[in-house]
>>> print(open('upload_14.cif').read())   # mmCIF, C-alpha atoms and all ligand atoms
data_upload
loop_
_atom_site.label_atom_id
_atom_site.label_comp_id
_atom_site.auth_asym_id
_atom_site.auth_seq_id
_atom_site.Cartn_x
_atom_site.Cartn_y
_atom_site.Cartn_z
CA MET A 1445 109.37 86.32 78.49
CA ARG A 1446 105.90 87.82 78.90
CA LYS A 1447 104.21 86.75 82.08
CA VAL A 1448 100.88 87.02 83.81
CA ILE A 1449 101.68 88.69 87.12
CA VAL A 1450 99.29 89.16 90.02
CA ILE A 1451 100.54 92.00 92.18
CA ALA A 1452 99.38 92.47 95.77
CA LEU A 1453 100.06 96.07 96.78
CA GLY A 1454 100.66 96.89 100.43
CA GLY A 1455 99.24 99.84 102.33
CA ASN A 1456 102.25 102.04 101.52
CA ALA A 1457 101.37 101.92 97.80
CA ILE A 1458 98.41 104.19 98.62
CA LYS A 1459 99.07 105.86 101.97
CA GLN A 1460 102.29 106.32 103.93
CA ALA A 1461 102.14 105.61 107.66
CA ASP A 1462 102.70 109.25 108.65
CA GLU A 1463 100.04 110.64 106.29
CA LYS A 1464 96.44 111.52 107.10
CA GLY A 1465 95.09 110.12 103.88
CA THR A 1466 93.99 113.23 101.96
CA ALA A 1467 93.00 112.61 98.35
CA GLU A 1468 96.14 114.51 97.21
CA GLU A 1469 98.47 112.37 99.33
CA GLN A 1470 96.89 109.18 98.11
CA ARG A 1471 97.04 110.28 94.47
CA ALA A 1472 100.75 111.04 94.81
CA ASN A 1473 101.46 107.58 96.24
CA VAL A 1474 99.31 105.89 93.62
CA ALA A 1475 101.26 107.75 90.89
CA THR A 1476 104.60 106.49 92.27
CA THR A 1477 103.20 102.96 92.30
CA CYS A 1478 101.78 103.27 88.80
CA GLU A 1479 105.20 104.28 87.42
CA GLN A 1480 106.47 100.85 88.48
CA LEU A 1481 103.42 99.16 86.96
CA VAL A 1482 103.97 100.98 83.66
CA SER A 1483 107.57 99.69 83.57
CA MET A 1484 106.27 96.15 83.93
CA LEU A 1485 103.67 96.68 81.21
CA LYS A 1486 106.42 97.98 78.91
CA TYR A 1487 108.13 94.58 79.25
CA GLY A 1488 104.93 93.08 77.87
CA HIS A 1489 103.76 91.51 81.13
CA ARG A 1490 100.03 91.19 81.82
CA LEU A 1491 99.04 92.57 85.18
CA VAL A 1492 96.28 91.90 87.66
CA ILE A 1493 96.52 94.30 90.57
CA THR A 1494 95.10 93.90 94.03
CA HIS A 1495 95.49 96.20 97.03
CA GLY A 1496 94.74 96.64 100.72
CA ASN A 1497 92.09 99.03 102.09
CA GLY A 1498 92.73 99.12 105.87
CA PRO A 1499 93.24 102.87 106.34
CA GLN A 1500 90.56 103.83 103.79
CA ALA A 1501 87.93 101.47 105.22
CA GLY A 1502 88.87 102.64 108.74
CA ASN A 1503 88.31 106.28 107.77
CA LEU A 1504 85.05 105.49 106.02
CA LEU A 1505 83.76 103.60 109.07
CA ILE A 1506 84.53 106.66 111.20
CA GLN A 1507 82.60 108.81 108.73
CA GLN A 1508 79.62 106.42 108.93
CA GLU A 1509 79.44 106.83 112.70
CA ALA A 1510 80.18 110.54 112.79
CA GLY A 1511 77.43 111.21 110.26
CA VAL A 1512 74.76 108.99 111.76
CA ALA A 1513 72.59 111.90 112.97
CA GLU A 1514 72.23 113.09 109.37
CA VAL A 1515 72.44 109.99 107.16
CA PRO A 1516 72.24 106.27 107.90
CA ALA A 1517 75.50 104.38 108.45
CA GLN A 1518 76.33 101.76 105.81
CA PRO A 1519 77.31 98.24 106.86
CA MET A 1520 80.86 96.92 106.55
CA ASP A 1521 80.44 94.98 103.32
CA VAL A 1522 79.07 98.11 101.65
CA VAL A 1523 81.97 100.13 103.07
CA GLY A 1524 84.30 97.50 101.57
CA SER A 1525 82.70 97.96 98.15
CA MET A 1526 83.02 101.74 98.50
CA THR A 1527 86.78 101.48 99.10
CA GLN A 1528 87.19 99.17 96.10
CA GLY A 1529 85.58 101.90 94.03
CA GLN A 1530 87.64 104.64 95.66
CA ILE A 1531 91.04 102.96 95.37
CA GLY A 1532 90.24 101.22 92.08
CA TYR A 1533 89.27 104.56 90.59
CA MET A 1534 92.54 106.22 91.61
CA PHE A 1535 94.64 103.42 90.09
CA GLN A 1536 92.44 103.08 87.01
CA GLN A 1537 92.64 106.75 86.15
CA THR A 1538 96.32 107.28 87.00
CA LEU A 1539 97.52 104.16 85.21
CA GLN A 1540 95.35 104.85 82.16
CA ASN A 1541 96.70 108.41 81.88
CA MET A 1542 100.30 107.16 82.09
CA LEU A 1543 99.66 104.47 79.48
CA TRP A 1544 98.13 107.03 77.13
CA ASP A 1545 101.20 109.24 77.59
CA GLU A 1546 103.38 106.27 76.63
CA ARG A 1547 101.13 105.39 73.67
CA ILE A 1548 100.49 101.95 75.15
CA PRO A 1549 96.95 101.02 74.09
CA LEU A 1550 95.93 98.90 77.07
CA PRO A 1551 92.58 99.37 78.81
CA VAL A 1552 92.51 99.45 82.62
CA VAL A 1553 89.44 98.28 84.54
CA SER A 1554 88.68 97.84 88.23
CA VAL A 1555 86.19 95.24 89.35
CA VAL A 1556 83.79 95.37 92.29
CA ASN A 1557 84.81 91.95 93.49
CA GLN A 1558 83.24 89.57 96.01
CA VAL A 1559 85.10 86.75 97.74
CA LEU A 1560 83.30 83.79 99.25
CA VAL A 1561 83.95 82.87 102.89
CA SER A 1562 82.26 80.44 105.27
CA GLU A 1563 80.39 81.41 108.42
CA ASP A 1564 81.74 78.11 109.82
CA ASP A 1565 85.24 79.61 109.68
CA PRO A 1566 86.71 79.42 113.23
CA ASP A 1567 87.39 83.16 113.21
CA TYR A 1568 83.60 83.75 113.49
CA GLN A 1569 83.77 82.22 116.98
CA ASP A 1570 86.45 84.61 118.21
CA PRO A 1571 86.87 87.55 115.81
CA SER A 1572 90.45 88.80 115.54
CA LYS A 1573 90.55 91.81 113.22
CA PRO A 1574 90.12 95.30 114.76
CA VAL A 1575 88.33 97.79 112.48
CA GLY A 1576 87.15 101.40 112.57
CA PRO A 1577 87.42 103.98 115.36
CA PHE A 1578 88.73 103.57 118.93
CA TYR A 1579 86.23 104.09 121.78
CA THR A 1580 86.29 104.89 125.49
CA LYS A 1581 84.67 102.36 127.85
CA GLU A 1582 81.50 104.50 127.99
CA GLU A 1583 81.30 104.89 124.21
CA ALA A 1584 81.83 101.16 123.73
CA GLU A 1585 79.00 100.33 126.17
CA LYS A 1586 76.64 102.79 124.45
CA ILE A 1587 77.40 101.26 121.04
CA LYS A 1588 76.73 97.76 122.38
CA VAL A 1589 73.20 98.88 123.34
CA GLY A 1590 72.38 100.13 119.84
CA ARG A 1591 74.33 97.36 118.06
CA PRO A 1592 74.18 94.23 120.21
CA GLU A 1593 75.67 92.15 117.36
CA TYR A 1594 79.00 94.06 117.56
CA VAL A 1595 81.96 92.38 119.23
CA ILE A 1596 84.01 95.08 120.97
CA LYS A 1597 87.36 94.26 122.52
CA GLU A 1598 89.91 96.08 124.65
CA VAL A 1599 92.85 96.43 122.26
CA LYS A 1600 95.08 98.88 124.17
CA PRO A 1601 96.37 98.98 127.78
CA GLU A 1602 94.12 100.23 130.59
CA ASN A 1603 95.84 103.62 130.88
CA VAL A 1604 94.66 104.54 127.37
CA GLU A 1605 91.26 106.34 127.32
CA LYS A 1606 90.14 105.22 123.88
CA ARG A 1607 91.20 101.58 124.09
CA PHE A 1608 88.14 99.70 122.79
CA ARG A 1609 87.60 98.74 119.21
CA ARG A 1610 85.17 96.71 117.18
CA VAL A 1611 86.61 93.38 116.01
CA VAL A 1612 85.33 91.34 113.08
CA PRO A 1613 86.17 87.87 111.80
CA SER A 1614 89.01 87.45 109.30
CA PRO A 1615 87.91 84.26 107.53
CA GLU A 1616 89.88 82.34 104.92
CA PRO A 1617 89.01 83.22 101.31
CA ILE A 1618 87.37 80.27 99.54
CA ARG A 1619 86.56 81.51 96.04
CA ASN A 1620 86.73 84.67 93.96
CA ILE A 1621 83.14 85.11 92.77
CA GLU A 1622 83.85 87.15 89.61
CA TYR A 1623 86.87 85.04 88.57
CA LEU A 1624 85.52 84.04 85.15
CA ALA A 1625 85.04 87.63 84.07
CA ILE A 1626 88.47 88.56 85.45
CA ARG A 1627 90.12 85.67 83.60
CA LYS A 1628 88.47 86.72 80.33
CA MET A 1629 89.68 90.27 80.74
CA VAL A 1630 93.24 89.13 81.47
CA ASP A 1631 93.15 86.86 78.40
CA ASP A 1632 92.02 89.86 76.34
CA GLY A 1633 94.99 91.91 77.52
CA ILE A 1634 93.04 94.18 79.88
CA VAL A 1635 94.86 95.42 82.98
CA VAL A 1636 92.56 94.40 85.83
CA ILE A 1637 92.32 95.76 89.37
CA ALA A 1638 90.45 93.23 91.53
CA SER A 1639 89.94 91.71 94.97
CA GLY A 1640 90.63 95.10 96.60
CA GLY A 1641 90.84 95.03 100.39
CA GLY A 1642 90.82 91.22 100.20
CA GLY A 1643 87.50 91.33 98.34
CA ILE A 1644 84.03 92.04 99.68
CA PRO A 1645 83.38 89.08 101.99
CA VAL A 1646 80.20 87.21 101.10
CA VAL A 1647 78.54 84.00 102.31
CA TYR A 1648 75.79 81.83 100.91
CA ASP A 1649 72.31 82.22 102.44
CA GLU A 1650 69.75 79.37 102.71
CA ARG A 1651 68.86 79.74 99.02
CA LYS A 1652 72.55 79.71 98.02
CA HIS A 1653 72.37 83.38 97.20
CA LEU A 1654 75.26 85.66 98.06
CA LYS A 1655 75.03 88.12 100.92
CA GLY A 1656 77.63 90.40 102.45
CA THR A 1657 79.10 89.61 105.86
CA ALA A 1658 80.80 91.87 108.41
CA ALA A 1659 84.33 90.53 108.06
CA VAL A 1660 87.74 91.41 106.61
CA ILE A 1661 89.64 89.00 104.38
CA ASP A 1662 93.42 89.26 104.38
CA LYS A 1663 94.36 90.89 101.07
CA ASP A 1664 97.45 88.72 100.51
CA LYS A 1665 95.51 85.49 101.03
CA ALA A 1666 92.72 86.69 98.73
CA GLY A 1667 95.41 87.81 96.26
CA GLU A 1668 96.69 84.25 96.14
CA VAL A 1669 93.21 82.92 95.34
CA LEU A 1670 93.08 85.43 92.49
CA ALA A 1671 96.60 84.54 91.28
CA THR A 1672 95.82 80.84 91.26
CA VAL A 1673 92.51 81.23 89.47
CA VAL A 1674 93.92 83.39 86.66
CA GLY A 1675 96.84 80.95 86.31
CA ALA A 1676 99.43 83.61 87.09
CA ASP A 1677 103.08 82.87 86.30
CA ILE A 1678 104.20 85.11 89.13
CA PHE A 1679 102.55 86.18 92.40
CA LEU A 1680 104.29 89.42 93.39
CA VAL A 1681 103.68 90.77 96.89
CA LEU A 1682 104.88 94.36 97.22
CA THR A 1683 105.22 95.84 100.70
CA ASP A 1684 107.47 98.25 102.63
CA VAL A 1685 110.41 95.85 103.14
CA ALA A 1686 112.70 94.43 100.43
CA HIS A 1687 112.78 90.91 101.92
CA ALA A 1688 111.11 88.58 104.34
CA LYS A 1689 113.67 88.12 107.10
CA ILE A 1690 114.55 85.39 109.53
CA ASN A 1691 115.14 86.45 113.16
CA PHE A 1692 113.24 89.64 112.27
CA GLY A 1693 114.10 92.54 114.59
CA GLN A 1694 117.02 90.68 116.25
CA PRO A 1695 120.68 91.62 115.82
CA ASP A 1696 121.19 88.49 113.70
CA GLU A 1697 118.24 89.09 111.34
CA LYS A 1698 118.89 87.94 107.80
CA ASP A 1699 117.22 88.44 104.43
CA VAL A 1700 115.62 85.45 102.76
CA GLY A 1701 116.61 85.44 99.08
CA ARG A 1702 115.82 82.71 96.56
CA ILE A 1703 114.40 79.76 98.47
CA ALA A 1704 112.67 76.43 97.82
CA TYR A 1705 109.08 75.90 98.95
CA SER A 1706 109.84 73.33 101.68
CA GLU A 1707 112.60 75.40 103.19
CA MET A 1708 110.35 78.49 103.35
CA LYS A 1709 107.55 76.41 104.80
CA LYS A 1710 109.90 75.28 107.56
CA LEU A 1711 110.90 78.89 108.37
CA SER A 1712 107.21 79.82 108.44
CA GLU A 1713 106.42 76.99 110.86
CA GLU A 1714 109.33 78.10 113.05
CA GLY A 1715 107.49 81.42 113.48
CA HIS A 1716 109.87 83.83 111.72
CA PHE A 1717 107.05 85.73 110.01
CA LYS A 1718 104.66 87.68 112.22
CA ALA A 1719 100.92 87.04 112.19
CA GLY A 1720 98.94 89.88 110.63
CA SER A 1721 101.86 91.28 108.60
CA MET A 1722 104.59 89.10 107.00
CA GLY A 1723 102.94 85.85 108.12
CA PRO A 1724 99.97 85.93 105.73
CA LYS A 1725 102.21 87.07 102.84
CA VAL A 1726 104.45 84.04 103.26
CA LEU A 1727 101.44 81.77 103.72
CA ALA A 1728 99.84 83.15 100.55
CA CYS A 1729 103.08 82.59 98.59
CA LEU A 1730 103.35 79.02 99.87
CA ARG A 1731 99.74 78.32 98.84
CA PHE A 1732 100.43 79.75 95.37
CA ILE A 1733 103.28 77.25 94.90
CA GLU A 1734 101.14 74.42 96.35
CA TRP A 1735 98.52 75.10 93.67
CA GLY A 1736 101.12 74.83 90.89
CA GLY A 1737 102.49 78.39 90.75
CA GLN A 1738 106.14 78.69 89.69
CA THR A 1739 107.32 81.89 91.34
CA ALA A 1740 106.15 83.88 94.34
CA ILE A 1741 108.04 87.04 95.27
CA ILE A 1742 107.94 89.29 98.33
CA THR A 1743 109.74 92.62 98.00
CA SER A 1744 109.34 96.39 98.18
CA LEU A 1745 107.78 98.58 95.51
CA ASP A 1746 111.10 100.14 94.46
CA LYS A 1747 112.73 96.71 94.05
CA ALA A 1748 109.86 95.24 92.03
CA ILE A 1749 111.53 95.39 88.61
CA ALA A 1750 114.86 94.06 89.92
CA ALA A 1751 112.98 91.28 91.74
CA LEU A 1752 111.19 90.25 88.53
CA MET A 1753 114.63 89.89 86.95
CA GLY A 1754 115.77 87.72 89.84
CA GLN A 1755 118.05 90.38 91.31
CA ALA A 1756 116.22 91.29 94.52
CA GLY A 1757 113.58 90.22 96.99
CA THR A 1758 112.49 86.96 98.54
CA ARG A 1759 111.73 84.47 95.76
CA ILE A 1760 109.90 81.25 96.60
CA VAL A 1761 110.07 78.50 93.98
CA PRO A 1762 108.97 74.85 93.84
CA ASP A 1763 111.27 72.27 95.44
CA GLY A 1764 114.02 71.14 93.11
CA THR A 1765 114.14 74.45 91.21
CA ALA A 1766 115.80 76.76 93.77
P1 LIG A 1801 101.31 95.63 103.94
O1 LIG A 1801 100.52 96.87 104.05
O2 LIG A 1801 102.28 95.65 102.80
O3 LIG A 1801 100.48 94.36 103.98
P2 LIG A 1801 102.29 94.87 106.59
O4 LIG A 1801 102.64 95.89 107.62
O5 LIG A 1801 101.06 94.07 106.77
O6 LIG A 1801 102.31 95.65 105.20
O7 LIG A 1801 103.52 93.86 106.42
C1 LIG A 1801 104.86 94.32 106.23
C2 LIG A 1801 105.58 94.39 107.56
O8 LIG A 1801 105.79 93.07 108.10
C3 LIG A 1801 106.98 94.94 107.55
O9 LIG A 1801 106.97 96.36 107.53
C4 LIG A 1801 107.58 94.37 108.83
O10 LIG A 1801 107.48 95.31 109.87
C5 LIG A 1801 106.68 93.19 109.19
N1 LIG A 1801 107.35 91.92 109.40
C6 LIG A 1801 106.96 90.98 110.29
N2 LIG A 1801 107.74 89.91 110.28
C7 LIG A 1801 108.68 90.13 109.32
C8 LIG A 1801 109.77 89.36 108.82
N3 LIG A 1801 110.06 88.16 109.30
N4 LIG A 1801 110.52 89.89 107.82
C9 LIG A 1801 110.24 91.11 107.32
N5 LIG A 1801 109.21 91.90 107.76
C10 LIG A 1801 108.43 91.41 108.74
MG MG A 1802 99.33 93.61 105.60
#
>>> encode(input="upload_14.cif", output="structure tokens")
Amino acid sequence: MRKVIVIALGGNAIKQADEKGTAEEQRANVATTCEQLVSMLKYGHRLVITHGNGPQAGNLLIQQEAGVAEVPAQPMDVVGSMTQGQIGYMFQQTLQNMLWDERIPLPVVSVVNQVLVSEDDPDYQDPSKPVGPFYTKEEAEKIKVGRPEYVIKEVKPENVEKRFRRVVPSPEPIRNIEYLAIRKMVDDGIVVIASGGGGIPVVYDERKHLKGTAAVIDKDKAGEVLATVVGADIFLVLTDVAHAKINFGQPDEKDVGRIAYSEMKKLSEEGHFKAGSMGPKVLACLRFIEWGGQTAIITSLDKAIAALMGQAGTRIVPDGTA
């Protein structure tokens, strides 16, 4: 059966943890990922692809500050849009080349994509997401003078020199702004890359116009908003582990396989899935089912095809269908 699948790609789809992030390294990872995507397209599935941008945005923020004597630094929302272009371009080109080689006549397009958030979100009161370079105490104080609006927190123990980092809010995604255009493209059979880095966070101003905000939206949560709005059959979260696990990191840890919504919700409430990593993935999958989705899968890139066939991964399904 042909399905509409929204795929949320983890950081390792673009950059491995031990890599610096050269263009060559990233291209090689993107190619490995695209081989899996091509296999899915060969089955006739329609794909919408989203991805993280943590390392790329982090590097770009460092470049903004390092270059400030020569050229003005760009704000975070603009940096977010730049990484959507950067990563979208790599996937768009690599995937298109592979599809041409296979004589599969599908166009691939990446979208500069905004996601609405609210400045009333509680995370604006106490920002939680560290971004950009690490600073010493002196550097942090100097930055606060020039940029009084920055919230800078101590994120490493006191014996570490560079232990301060800027933190920004990580608000809940409310709406994908370009969803109508994305839906039309999916309906027309276009392979779409969207909501990169969780989308460019935007808020409404007094005139109900959009404006960028210095924040980072979780890419899995934003991926769910995208999956729901395009009416995806499957929300597929690909990361660096084959399963979500209970008792993660303990001697008695255990893979979660096929599981009903309520049972997974219970495990989530019991705290098995860590905040900031597996937690939001599970939450996003649960939301997808709540909004009427039929299948949400968490697995690793190399198990993606097997997981789509029901032979691997953590598979969350509505109650009564597990
Ligand atoms: P991504 O870039 O794919 O979003 P993350 O690092 O954010 O990757 O999330 C994947 C990581 O979540 C795994 O590598 C693992 O270390 C961690 N993790 C936390 N809790 C769990 C759990 N209960 N089961 C499996 N992995 C977990
Ligand atoms: Mg993550």
>>> residues_near_ligand(input="upload_14.cif", ligand="ligand LIG 1801 (chain A)", cutoff="9 Å", atoms="all atoms listed in the file", output="ChimeraX atom specification")
/A:1452-1457,1495-1498,1662-1664,1681-1693,1697-1700,1712,1715-1725,1744
>>> residues_around(input="upload_14.cif", residues="range 1637-1651 of chain A", least_positions_apart="4", cutoff="6 Å", atoms="all atoms listed in the file", output="NGL selection string")
:A and (1492-1497 or 1521 or 1524 or 1528 or 1554-1555 or 1557-1562 or 1655-1657 or 1661-1663 or 1666)
>>> atom_distance(input="upload_14.cif", atom1="CA of Glu1616 in chain A", atom2="CA of Asp1567 in chain A")
8.7 Å
>>> atom_distance(input="upload_14.cif", atom1="CA of Ala1751 in chain A", atom2="CA of Met1445 in chain A")
14.6 Å
>>> residues_near_point(input="upload_14.cif", point="(98.4, 82.9, 92.2)", cutoff="12 Å", atoms="all atoms listed in the file", output="mmCIF file with C-alpha atoms, in the coordinates of the input")
data_model
loop_
_atom_site.group_PDB
_atom_site.id
_atom_site.type_symbol
_atom_site.label_atom_id
_atom_site.label_comp_id
_atom_site.auth_asym_id
_atom_site.auth_seq_id
_atom_site.Cartn_x
_atom_site.Cartn_y
_atom_site.Cartn_z
ATOM 1 C CA VAL A 1448 100.880 87.020 83.810
ATOM 2 C CA ILE A 1449 101.680 88.690 87.120
ATOM 3 C CA VAL A 1450 99.290 89.160 90.020
ATOM 4 C CA ILE A 1451 100.540 92.000 92.180
ATOM 5 C CA ALA A 1452 99.380 92.470 95.770
ATOM 6 C CA LEU A 1491 99.040 92.570 85.180
ATOM 7 C CA VAL A 1492 96.280 91.900 87.660
ATOM 8 C CA ILE A 1493 96.520 94.300 90.570
ATOM 9 C CA THR A 1494 95.100 93.900 94.030
ATOM 10 C CA ASN A 1620 86.730 84.670 93.960
ATOM 11 C CA ASP A 1664 97.450 88.720 100.510
ATOM 12 C CA LYS A 1665 95.510 85.490 101.030
ATOM 13 C CA ALA A 1666 92.720 86.690 98.730
ATOM 14 C CA GLY A 1667 95.410 87.810 96.260
ATOM 15 C CA GLU A 1668 96.690 84.250 96.140
ATOM 16 C CA VAL A 1669 93.210 82.920 95.340
ATOM 17 C CA LEU A 1670 93.080 85.430 92.490
ATOM 18 C CA ALA A 1671 96.600 84.540 91.280
ATOM 19 C CA THR A 1672 95.820 80.840 91.260
ATOM 20 C CA VAL A 1673 92.510 81.230 89.470
ATOM 21 C CA VAL A 1674 93.920 83.390 86.660
ATOM 22 C CA GLY A 1675 96.840 80.950 86.310
ATOM 23 C CA ALA A 1676 99.430 83.610 87.090
ATOM 24 C CA ASP A 1677 103.080 82.870 86.300
ATOM 25 C CA ILE A 1678 104.200 85.110 89.130
ATOM 26 C CA PHE A 1679 102.550 86.180 92.400
ATOM 27 C CA LEU A 1680 104.290 89.420 93.390
ATOM 28 C CA VAL A 1681 103.680 90.770 96.890
ATOM 29 C CA LEU A 1727 101.440 81.770 103.720
ATOM 30 C CA ALA A 1728 99.840 83.150 100.550
ATOM 31 C CA CYS A 1729 103.080 82.590 98.590
ATOM 32 C CA LEU A 1730 103.350 79.020 99.870
ATOM 33 C CA ARG A 1731 99.740 78.320 98.840
ATOM 34 C CA PHE A 1732 100.430 79.750 95.370
ATOM 35 C CA ILE A 1733 103.280 77.250 94.900
ATOM 36 C CA GLU A 1734 101.140 74.420 96.350
ATOM 37 C CA TRP A 1735 98.520 75.100 93.670
ATOM 38 C CA GLY A 1736 101.120 74.830 90.890
ATOM 39 C CA GLY A 1737 102.490 78.390 90.750
ATOM 40 C CA GLN A 1738 106.140 78.690 89.690
ATOM 41 C CA THR A 1739 107.320 81.890 91.340
ATOM 42 C CA ALA A 1740 106.150 83.880 94.340
ATOM 43 C CA ILE A 1741 108.040 87.040 95.270
#
>>> atom_distance(input="upload_14.cif", atom1="CA of Gln1508 in chain A", atom2="CA of Glu1602 in chain A")
26.8 Å
>>> residues_around(input="upload_14.cif", residues="Cys1478 in chain A", least_positions_apart="6", cutoff="9 Å", atoms="all atoms listed in the file", output="PyMOL selection string")
chain A and resi 1535+1538-1539+1542
>>> write_last_selection(input="upload_14.cif", atoms="C-alpha atoms", output="tab-separated table (two decimals), in the coordinates of the input")
chain	number	residue	atom	x	y	z
A	1535	PHE	CA	94.64	103.42	90.09
A	1538	THR	CA	96.32	107.28	87.00
A	1539	LEU	CA	97.52	104.16	85.21
A	1542	MET	CA	100.30	107.16	82.09
>>> closest_residue(input="upload_14.cif", among="A:Trp1544, A:Tyr1487, A:Tyr1533, A:Phe1608", to="Tyr1579 in chain A", atoms="all atoms listed in the file")
A:Phe1608
